[in-house]
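For reference, run04.txt is printed below; it contains compact mmCIF, C-alpha atoms and all ligand atoms.
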```
# COMPACT_ATOMS: atom_id res chain seq x y z
CA MET D 22 0.00 0.00 0.00
CA LYS D 23 1.08 3.58 -0.57
CA LYS D 24 1.10 6.15 2.22
CA LEU D 25 0.93 9.93 2.45
CA TYR D 26 1.96 11.96 5.49
CA GLY D 27 0.45 15.41 5.85
CA ILE D 28 3.24 17.30 7.57
CA GLY D 29 2.92 20.59 9.41
CA THR D 30 6.18 22.48 8.97
CA GLY D 31 5.27 25.15 11.54
CA PRO D 32 5.31 28.91 10.98
CA GLY D 33 8.71 29.11 9.28
CA ASP D 34 11.42 28.92 11.94
CA LYS D 35 13.40 25.72 11.26
CA GLU D 36 13.83 25.16 15.00
CA LEU D 37 10.06 24.85 15.37
CA LEU D 38 9.90 21.76 13.17
CA THR D 39 9.11 18.58 15.08
CA ILE D 40 11.65 15.73 15.16
CA LYS D 41 8.92 13.46 13.81
CA ALA D 42 8.36 15.76 10.81
CA VAL D 43 12.09 15.79 10.04
CA LYS D 44 12.37 11.99 10.23
CA LYS D 45 9.35 11.48 7.98
CA ILE D 46 10.65 13.95 5.39
CA GLN D 47 14.07 12.28 5.38
CA GLY D 48 12.50 8.89 4.66
CA ALA D 49 10.05 10.05 1.98
CA SER D 50 10.29 9.00 -1.67
CA VAL D 51 8.60 12.16 -2.91
CA VAL D 52 7.75 15.56 -1.45
CA PHE D 53 4.57 17.49 -2.36
CA ALA D 54 3.82 21.11 -1.56
CA PRO D 55 1.37 23.72 -2.81
CA SER D 56 3.05 25.95 -5.39
CA ASN D 57 3.20 29.62 -4.38
CA LYS D 58 3.83 32.52 -6.67
CA ASP D 59 6.70 33.86 -4.53
CA LYS D 60 8.41 32.11 -1.64
CA ASN D 61 7.35 28.68 -0.51
CA ILE D 62 7.72 28.85 3.26
CA ALA D 63 6.94 25.20 3.92
CA LEU D 64 9.63 24.06 1.46
CA ASP D 65 12.14 26.66 2.68
CA THR D 66 11.65 25.50 6.27
CA VAL D 67 12.58 21.90 5.49
CA GLU D 68 15.02 22.40 2.60
CA GLU D 69 18.02 20.86 4.36
CA TYR D 70 16.10 17.59 4.90
CA ILE D 71 14.89 17.29 1.31
CA GLN D 72 18.26 17.41 -0.44
CA TYR D 73 17.92 15.58 -3.79
CA LYS D 74 14.45 14.17 -3.35
CA LYS D 75 11.79 14.54 -6.02
CA VAL D 76 9.69 17.64 -5.23
CA ILE D 77 6.29 18.13 -6.89
CA LEU D 78 4.57 21.51 -6.58
CA LEU D 79 0.80 21.37 -6.90
CA ASP D 80 -1.07 24.31 -8.28
CA PHE D 81 -3.97 25.87 -6.35
CA PRO D 82 -4.87 29.27 -7.82
CA MET D 83 -5.39 31.56 -4.82
CA GLY D 84 -9.07 32.41 -4.30
CA LYS D 85 -10.23 30.30 -7.28
CA VAL D 86 -9.56 26.70 -6.31
CA THR D 87 -12.17 24.25 -7.54
CA GLU D 88 -13.11 20.73 -6.51
CA LYS D 89 -11.39 19.56 -9.70
CA ASP D 90 -8.05 21.06 -8.56
CA TYR D 91 -8.18 18.92 -5.40
CA ILE D 92 -9.16 15.81 -7.36
CA ASN D 93 -6.24 16.41 -9.76
CA ALA D 94 -3.83 16.97 -6.87
CA ALA D 95 -4.99 13.76 -5.18
CA GLN D 96 -4.52 11.88 -8.47
CA ILE D 97 -0.98 13.24 -8.95
CA ILE D 98 -0.09 12.32 -5.37
CA TYR D 99 -1.43 8.81 -5.76
CA THR D 100 0.39 8.27 -9.07
CA GLU D 101 3.72 9.69 -7.95
CA ILE D 102 4.15 7.69 -4.74
CA PRO D 103 5.74 4.33 -5.60
CA GLU D 104 3.91 1.21 -4.36
CA GLY D 105 5.00 0.27 -0.82
CA GLU D 106 6.62 3.69 -0.22
CA TYR D 107 5.47 7.01 1.14
CA GLY D 108 5.28 10.65 0.23
CA VAL D 109 4.96 13.78 2.36
CA TYR D 110 2.69 16.76 1.73
CA LEU D 111 4.03 19.91 3.38
CA THR D 112 1.82 22.61 4.84
CA ILE D 113 2.73 25.73 6.79
CA GLY D 114 1.64 25.71 10.39
CA ASP D 115 -0.58 22.73 11.09
CA PRO D 116 -2.18 20.57 8.36
CA MET D 117 -5.59 20.50 10.06
CA ILE D 118 -5.94 24.29 10.20
CA TYR D 119 -7.15 26.04 7.01
CA SER D 120 -4.95 23.88 4.82
CA THR D 121 -5.28 22.54 1.27
CA PHE D 122 -4.16 19.21 2.70
CA ILE D 123 -7.61 18.72 4.26
CA TYR D 124 -9.37 18.88 0.88
CA ILE D 125 -6.80 16.64 -0.80
CA MET D 126 -6.99 14.07 1.97
CA GLU D 127 -10.74 13.83 1.41
CA LYS D 128 -10.23 13.07 -2.28
CA LEU D 129 -7.79 10.19 -1.75
CA ASP D 130 -9.14 6.64 -1.94
CA LYS D 131 -8.56 5.21 1.57
CA ASN D 132 -8.56 1.67 0.17
CA LYS D 133 -5.52 2.44 -1.95
CA ILE D 134 -3.50 4.92 0.11
CA GLN D 135 -3.07 5.37 3.84
CA VAL D 136 -2.97 8.86 5.29
CA GLU D 137 -1.31 10.01 8.51
CA ILE D 138 -0.90 13.52 9.86
CA ILE D 139 2.09 14.96 11.70
CA PRO D 140 0.95 18.18 13.40
CA GLY D 141 2.93 21.40 13.26
CA ILE D 142 2.96 24.54 15.38
CA SER D 143 0.22 26.75 14.01
CA SER D 144 0.97 30.38 13.23
CA PHE D 145 -1.53 31.73 15.76
CA VAL D 146 -0.16 29.51 18.56
CA LEU D 147 3.28 31.01 18.03
CA GLY D 148 1.67 34.46 17.66
CA ALA D 149 0.12 34.13 21.11
CA ALA D 150 3.53 33.23 22.51
CA GLN D 151 5.35 36.08 20.77
CA SER D 152 2.77 38.69 21.74
CA LYS D 153 2.25 37.15 25.20
CA ILE D 154 -1.50 37.31 24.69
CA PRO D 155 -2.98 34.22 26.35
CA LEU D 156 -5.41 32.34 24.13
CA THR D 157 -7.36 30.83 27.00
CA VAL D 158 -7.36 30.55 30.78
CA LYS D 159 -9.78 28.44 32.78
CA GLY D 160 -13.37 28.93 31.62
CA ASP D 161 -12.48 31.00 28.53
CA LYS D 162 -13.96 30.56 25.10
CA PHE D 163 -11.70 30.94 22.09
CA LEU D 164 -12.77 31.49 18.47
CA LEU D 165 -10.62 30.87 15.40
CA MET D 166 -11.86 32.14 12.05
CA ASP D 167 -10.70 33.11 8.58
CA GLU D 168 -13.84 35.08 7.68
CA PHE D 169 -14.78 37.70 10.21
CA GLN D 170 -18.29 37.38 11.62
CA GLU D 171 -19.38 40.00 14.09
CA ASN D 172 -22.34 37.98 15.34
CA MET D 173 -20.00 35.28 16.72
CA LEU D 174 -18.25 37.57 19.22
CA ASP D 175 -20.73 37.96 22.03
CA ASN D 176 -19.64 35.12 24.33
CA ILE D 177 -16.01 34.97 23.23
CA ASP D 178 -12.99 35.88 25.40
CA THR D 179 -10.25 35.55 22.79
CA LEU D 180 -10.33 35.34 19.03
CA CYS D 181 -7.89 34.90 16.25
CA ILE D 182 -8.63 35.93 12.67
CA LEU D 183 -6.36 34.48 9.98
CA LYS D 184 -6.15 35.77 6.38
CA THR D 185 -6.80 39.39 7.39
CA MET D 186 -6.16 40.97 4.00
CA LYS D 187 -9.63 42.51 3.69
CA ASP D 188 -11.74 44.75 5.93
CA LYS D 189 -9.14 45.29 8.64
CA GLU D 190 -10.49 48.72 9.55
CA LYS D 191 -14.02 47.40 10.00
CA ILE D 192 -12.77 44.43 12.03
CA LEU D 193 -10.74 46.64 14.38
CA ASP D 194 -13.65 49.07 14.84
CA ILE D 195 -15.92 46.21 15.84
CA LEU D 196 -13.32 44.72 18.19
CA GLU D 197 -12.90 48.09 19.90
CA ASN D 198 -16.66 48.54 20.24
CA LYS D 199 -16.99 45.13 21.80
CA GLY D 200 -14.19 45.72 24.32
CA PHE D 201 -11.38 43.67 22.80
CA SER D 202 -7.76 44.76 22.85
CA TYR D 203 -5.83 43.42 19.86
CA ALA D 204 -2.49 42.80 18.19
CA TYR D 205 -1.73 42.23 14.52
CA ILE D 206 1.06 39.74 14.03
CA LYS D 207 2.80 39.38 10.68
CA ARG D 208 5.35 36.88 9.42
CA VAL D 209 5.68 35.29 12.81
CA SER D 210 9.03 33.47 13.30
CA LEU D 211 10.41 34.84 10.01
CA LYS D 212 13.18 37.44 9.95
CA ASP D 213 10.75 40.28 9.26
CA GLU D 214 8.25 39.33 12.00
CA LYS D 215 6.32 42.29 13.40
CA ILE D 216 3.74 42.78 16.11
CA LEU D 217 1.63 45.90 15.58
CA THR D 218 -0.91 47.31 18.01
CA LYS D 219 -1.57 50.76 16.49
CA LYS D 220 -4.73 50.77 14.41
CA ASP D 221 -3.43 52.99 11.58
CA GLU D 222 -0.29 50.86 11.16
CA ILE D 223 -2.31 47.65 11.11
CA ILE D 224 -4.75 48.99 8.52
CA LYS D 225 -1.89 50.04 6.22
CA ASP D 226 -0.17 46.66 6.26
CA LYS D 227 -1.01 44.23 3.45
CA ASP D 228 0.82 41.00 4.26
CA TYR D 229 -0.95 37.67 3.56
CA LEU D 230 1.09 36.08 6.34
CA SER D 231 -0.62 37.88 9.16
CA PHE D 232 -3.41 37.53 11.69
CA ILE D 233 -5.17 39.43 14.45
CA ILE D 234 -5.47 38.20 18.02
CA GLY D 235 -8.12 39.94 20.11
CA ARG D 236 -8.69 39.46 23.82
CA ARG D 237 -11.50 40.86 25.92
CA LYS D 238 -10.52 39.95 29.46
CA ALA D 239 -7.84 41.60 31.53
CA ASP D 240 -4.99 39.09 31.63
CA ASP D 241 -4.31 37.40 34.89
C1 LIG W 1 -4.06 28.89 4.44
S1 LIG W 1 -3.87 29.52 6.06
C2 LIG W 1 -2.78 28.31 6.72
C3 LIG W 1 -2.80 28.21 8.23
C4 LIG W 1 -1.76 27.24 8.74
N1 LIG W 1 -2.13 25.87 8.41
C5 LIG W 1 -1.50 27.38 10.22
O1 LIG W 1 -1.72 26.41 10.98
O2 LIG W 1 -1.02 28.44 10.64
C6 LIG W 1 -2.84 30.89 5.76
C7 LIG W 1 -2.92 31.89 6.87
O3 LIG W 1 -2.16 31.43 7.98
C8 LIG W 1 -1.56 32.52 8.67
N2 LIG W 1 -0.10 32.30 8.71
C9 LIG W 1 0.57 31.20 8.34
N3 LIG W 1 1.89 31.31 8.60
C10 LIG W 1 2.07 32.55 9.15
C11 LIG W 1 3.19 33.27 9.65
N4 LIG W 1 4.44 32.74 9.63
N5 LIG W 1 2.98 34.50 10.17
C12 LIG W 1 1.73 35.02 10.20
N6 LIG W 1 0.64 34.40 9.74
C13 LIG W 1 0.79 33.16 9.23
C14 LIG W 1 -1.98 33.78 7.92
O4 LIG W 1 -3.16 34.29 8.53
C15 LIG W 1 -2.30 33.25 6.54
O5 LIG W 1 -3.19 34.10 5.86
```

The structure given in the file should be rewritten as structure tokens.
Amino acid sequence: MKKLYGIGTGPGDKELLTIKAVKKIQGASVVFAPSNKDKNIALDTVEEYIQYKKVILLDFPMGKVTEKDYINAAQIIYTEIPEGEYGVYLTIGDPMIYSTFIYIMEKLDKNKIQVEIIPGISSFVLGAAQSKIPLTVKGDKFLLMDEFQENMLDNIDTLCILKTMKDKEKILDILENKGFSYAYIKRVSLKDEKILTKKDEIIKDKDYLSFIIGRRKADD
């Protein structure tokens, strides 16, 4: 049987890779990753463990991915992994959090290929550490989203909004009105990491690799 590991490569810092991820990458026959128009952070993070392995970049046009793209990717993955061997599919952060891996995994035929997931440190988990904003303490409710929804905030203590390219001003206005303090964290663990708390600076920034953490309670 063939096998595919979905591997979380973490937020970009090579030292935040798990030992398990490194070992699985080193033993893989083929490495898959989503193709990006500029830098591929997942591949960059693990480059020293890939060396001369076959690397296949799968195309997912940003904002326009169709069901067919995932079916094609699953087909390529199945075809490229030799019988009795395994491949790895790299994702930034964790594979189970807003990742193309989830859709691909669902398109693979479980009778023909086994799937296992090696978690990675998600961007927002590191963001909480870097900004020292706790995500939860006892009794708290935490909300993670990639599409901002005001009507979800009423009983929430902490929230994290990924993919904050659009509507930042509106989001920050609403957070302020509802009593949240916030930080905008960009490129966490990369050399140009920044934590911004001033509204005008946050609104001006346009980095895809960014998220907002908001917290309503006074920290204890
Ligand atoms: C498709 S989602 C992938 C999430 C990823 N699986 C995770 O666990 O972090 C892409 C979003 O993740 C966030 N992200 C991923 N890596 C990041 C980093 N190094 N710094 C800041 N945000 C990051 C951004 O919000 C970005 O828009």

(Q) Can you tell me which residues surround Ile92 of chain D at a distance of at most 9 Å, considering all atoms listed in the file, apart from same-chain residues fewer than 2 positions away, and format the answer as a ChimeraX atom specification? (A) /D:87-90,94-97,124-125,128-129

Straight-line distance linking atom O5 of ligand LIG 1 (chain W) with atom CA of Tyr119 of chain D, stated in Å to one decimal: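 These atoms are spaced 9.1 Å apart.
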
- Item | Protein and nucleic acid residues within 10 Å of ligand LIG 1 (chain W) (all atoms listed in the file) as a ChimeraX atom specification | /D:29-34,62-63,83,111-123,140-148,166-167,181-186,205-216,228-233

| From D:Lys75, D:Lys159, D:Lys85, D:Lys58, residue lying nearest Ile46 of chain D [all atoms listed in the file] |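 Of D:Lys75, D:Lys159, D:Lys85, D:Lys58, the one nearest Ile46 of chain D is D:Lys75, counting all atoms listed in the file.
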
Would you list the contacts of Ile154 of chain D as a PyMOL selection string, taking every protein, DNA or RNA residue within 9 Å and counting only C-alpha atoms, but skipping same-chain residues closer than 3 positions in sequence? chain D and resi 148-151+203-204+234-236+240

_My list of candidates is D:Val43, D:Ala49, D:Val158, D:Leu174. Which is closest to Tyr70 of chain D when distances are computed with all atoms listed in the file?_
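Looking only at the distances to Tyr70 of chain D, the closest residue turns out to be D:Val43.
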
Subject >> One-decimal distance in Å that lies between atom CA of Ile223 of chain D and atom CA of Asp178 of chain D >> reply: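 Interatomic distance here is 21.4 Å.
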
Query raised in the report: segment 188-190 of chain D: which residues within 6 Å, counting only C-alpha atoms, same-chain residues fewer than 2 positions away excluded, as a list in words?
Result: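 So the residues in contact are Ile192, Leu193 and Ile224 of chain D.
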
query = What separation in Å, quoted to one decimal, exists between atom CA of Ile195 of chain D and atom CA of Asn176 of chain D?
reply =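 Calculated distance between atom CA of Ile195 of chain D and atom CA of Asn176 of chain D is 14.5 Å.
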
From the list D:Lys199, D:Lys23, D:Lys35, D:Lys220, the nearest residue to Ser50 of chain D using only C-alpha atoms is D:Lys23

task: Would you list the contacts of Tyr107 of chain D as an MDAnalysis selection string, taking every protein, DNA or RNA residue within 9 Å and counting all atoms listed in the file, but skipping same-chain residues closer than 4 positions in sequence?
output: chainID D and resid 22:26 48:51 102:103

Residues of the last selection are to be written out with C-alpha atoms, as a short mmCIF file (atom, residue, chain, number, x, y, z; two decimals), in the frame of the given file.
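That gives us result_23.cif:
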```cif
data_model
loop_
_atom_site.label_atom_id
_atom_site.label_comp_id
_atom_site.auth_asym_id
_atom_site.auth_seq_id
_atom_site.Cartn_x
_atom_site.Cartn_y
_atom_site.Cartn_z
CA MET D 22 0.00 0.00 0.00
CA LYS D 23 1.08 3.58 -0.57
CA LYS D 24 1.10 6.15 2.22
CA LEU D 25 0.93 9.93 2.45
CA TYR D 26 1.96 11.96 5.49
CA GLY D 48 12.50 8.89 4.66
CA ALA D 49 10.05 10.05 1.98
CA SER D 50 10.29 9.00 -1.67
CA VAL D 51 8.60 12.16 -2.91
CA ILE D 102 4.15 7.69 -4.74
CA PRO D 103 5.74 4.33 -5.60
#
```

Using all atoms listed in the file, find the one residue out of D:Thr39, D:Ser152, D:Gln135, D:Gln47 that sits nearest to Tyr73 of chain D.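 For Tyr73 of chain D, the nearest of the candidates is D:Gln47.
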
Open item on the list: With distances taken over all atoms listed in the file, which residue among D:Arg237, D:Lys227, D:Lys219, D:Lys153 lies nearest Lys187 of chain D?
Closed with: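 Among the listed residues, D:Lys227 lies closest to Lys187 of chain D.
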
Would you please work out which residue, of D:Phe53, D:Phe81, D:Tyr91, D:Tyr99, is nearest to Asn132 of chain D when using all atoms listed in the file?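 Once distances to Asn132 of chain D are computed over all atoms listed in the file, the minimum belongs to D:Tyr99.
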